[in-house]
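The next block holds one structure in the form of structure tokens; read it before the comments.
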Amino acid sequence: MSSQQYSGKAIVSHGPHKQGKWRIEDITLRPIAETELVIEVIASGICHTDIHFGDQEAGNVGVFYPRVLGHEAYCTDFNGLNFFGGNDFVLSSSVSSDASDVKHDIGGRFFGQSSFANVTIASERSVVNVKGLIKDKEELKLFAPLGCGIQTGSGTIATVAGATEEDAVAVLGLGGVGLSAIMAAKLLNCKIIIGIDRVDGRLELAKSLGATHTINSSTLPSGKSLGDAVREASDGIGPSISMDTTGVVALTRQAVEFTRNQGKIIQVGTAPIEATLDIPLFTFMITGKRFMGAIEGDSQPTKFVPQMIKWYQEGRLPVDKLVKYFKAEDFAKAIEEMHTGETVKPIIVW
């Protein structure tokens with residue numbers, strides 16, 4: 001174990017974000033183990049999963065405080081440590097000691113990394129070396145979300161769904177994951193690509209990225225269901241691939257219904273932990289539909305991250321159209337703009 005000491009700054013969550021309990025503080029890393037690396041974080045994307053776990057009360061599954069969240073570099077492990085972590089960080093002595101909710105040890109390794117810090121610890125297995133693939137740190141900032149949001153969206157369509165030019169694809173929710181799915185479907189020459197959202201700006205962006213049809217689910221004509229609109233856009237029989245990024249059970253239920261016979265329904269959106277989905281088993285069986293979950297697009301990051309970089313450099317995965325940069329101290333504004341739909345993929349820069 002290395003005894004060298006590293007210090008920096010981190011967004012430390014002392015409780016739910018909605019209660020104003022996230023703040024930037026000085027931190028010091030614990031000594032690293034033989035199979036770990038100290039990572040300098042240039043930039044980190046903000047994902048809805050960070051807010052999902054960082055806006056709940058302590059005691060819920062996967063939720064404890066204080067901790068450092070953030071995970072949009074990439075992680076190859078998905079086990080308990082990714083959520084519960086260990087005490088990778090300690091507060092530096094420069095932090096005021098009169099705050100009653102401040103503790104000395106700060107949990108880390110959220111999704112294996114805790115990237116809401118300008119210096120962090122990760123297993124050597126969770127690092128993709130992109131030396132020789134990128135030009136400089138400026139380009140590296142752009143690629144911050146590749147390891148989660150972009151990888152999840154594009155990987156789910158390319159790898160999990162195995163989409164081809166014969167497929168009709170419907171994507172529910174046009175955040176970073178959903179729009180990455182749209183880009184991947186375009187890249188794979190899918191014949192029909194349907195984007196579904198409630199924010200007009202995101203629907204327009206989806207069109208520019210390759211959607212052949214868009215549907216605003218909040219402005220459907222009276223008497224017309226979402227299923228009616230989706231089937232109308234997909235040869236009258238529904239999409240062969242439906243991907244939900246919202247985690248809204250009512251939308252997932254509709255996707256199961258409007259997907260064509262023998263089609264695939266893929267769940268990637270984070271639903272509430274207690275959420276359940278009722279499926280009429282007989283109908284589901286005789287229609288031959290397949291419902292599946294997917295994490296990170298079933299991607300092997302050491303191969304898929306370089307592939308995404310190549311696609312971007314070829315002009316086939318224009319991730320630059322999704323991002324907006326924020327200074328790390330403006331993380332609250334970045335989160336707000338992500339919630340309102342003003343920004344698709346906020347990236348905080350140290």
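Numbering starts fresh at 1 for the residues of each chain in the structure tokens, the chains themselves are lettered A, B, ... in the order given, and ligands are numbered from 1 as they appear.
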key: Within 10 Å of Ala161 (chain A) using only C-alpha atoms, minus same-chain residues under 2 positions, as a PyMOL selection string   = chain A and resi 155-159+163-164+167+169+240-243+263-266+292+294+297
request  = Give the alpha helix (DSSP H) residues of region 150-288 of chain A, as assigned by DSSP on the backbone, as a PyMOL selection string.
outcome  = chain A and resi 150-155+176-187+200-209+226-233+249-258+281-287
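For Val41 (chain A), the set of protein, DNA and RNA residues having any atom at most 6 Å away, when counting only C-alpha atoms and skipping those fewer than 2 positions along the same chain, is Ala43, Asn118 and Val119 of chain A.
Using only C-alpha atoms, the contacts of Ile150 (chain A) at a cut-off of 10 Å, with sequence neighbours closer than 6 positions omitted, comprise Glu72, Phe143, Ala144, Thr156, Gly176, Val177, Gly178, Leu179, Ser180, Ala181, Met183, Ala184, Glu296, Gly297, Val305, Met308, Leu317, Val319, Leu322 and Lys345 of chain A.
If you count only C-alpha atoms and ignore residues fewer than 2 places along the chain from Val90 (chain A), what sits within 8 Å of it is A:Ile27, A:Thr28, A:Leu29, A:Arg30, A:Asn87, A:Asp88, A:Ser92, A:His104, A:Asp105, A:Ile106.
From CA of Val199 (chain A) back to CA of Val344 (chain A), the distance works out to 10.9 Å.
Counting only C-alpha atoms and comparing A:Ala206, A:Val128, A:Ala168, A:Leu251, the residue that lies closest to Arg231 (chain A) is A:Ala168.
Between Leu277 (chain A) and the candidates A:Gly247, A:Gly153, A:Gly20, A:Pro301, the tightest atom-to-atom separation, counting only C-alpha atoms, involves A:Gly247.
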A:Trp350, A:Tyr6, A:Phe326, A:Phe111 ranked by distance to Thr49 (chain A), top pick (using only C-alpha atoms) = A:Phe111
Show me a table, sorted first by chain and then by increasing residue number, of the residues of region 116-186 of chain A having an atom at most 10 Å from region 61-69 of chain A, each with its shortest atom pair and the distance in Å to one decimal, counting only C-alpha atoms and written as a tab-separated table.
residue	atom	partner	partner_atom	distance
A:Phe116	CA	A:Leu69	CA	5.7
A:Ala117	CA	A:Val68	CA	7.5
A:Thr120	CA	A:Val68	CA	9.5
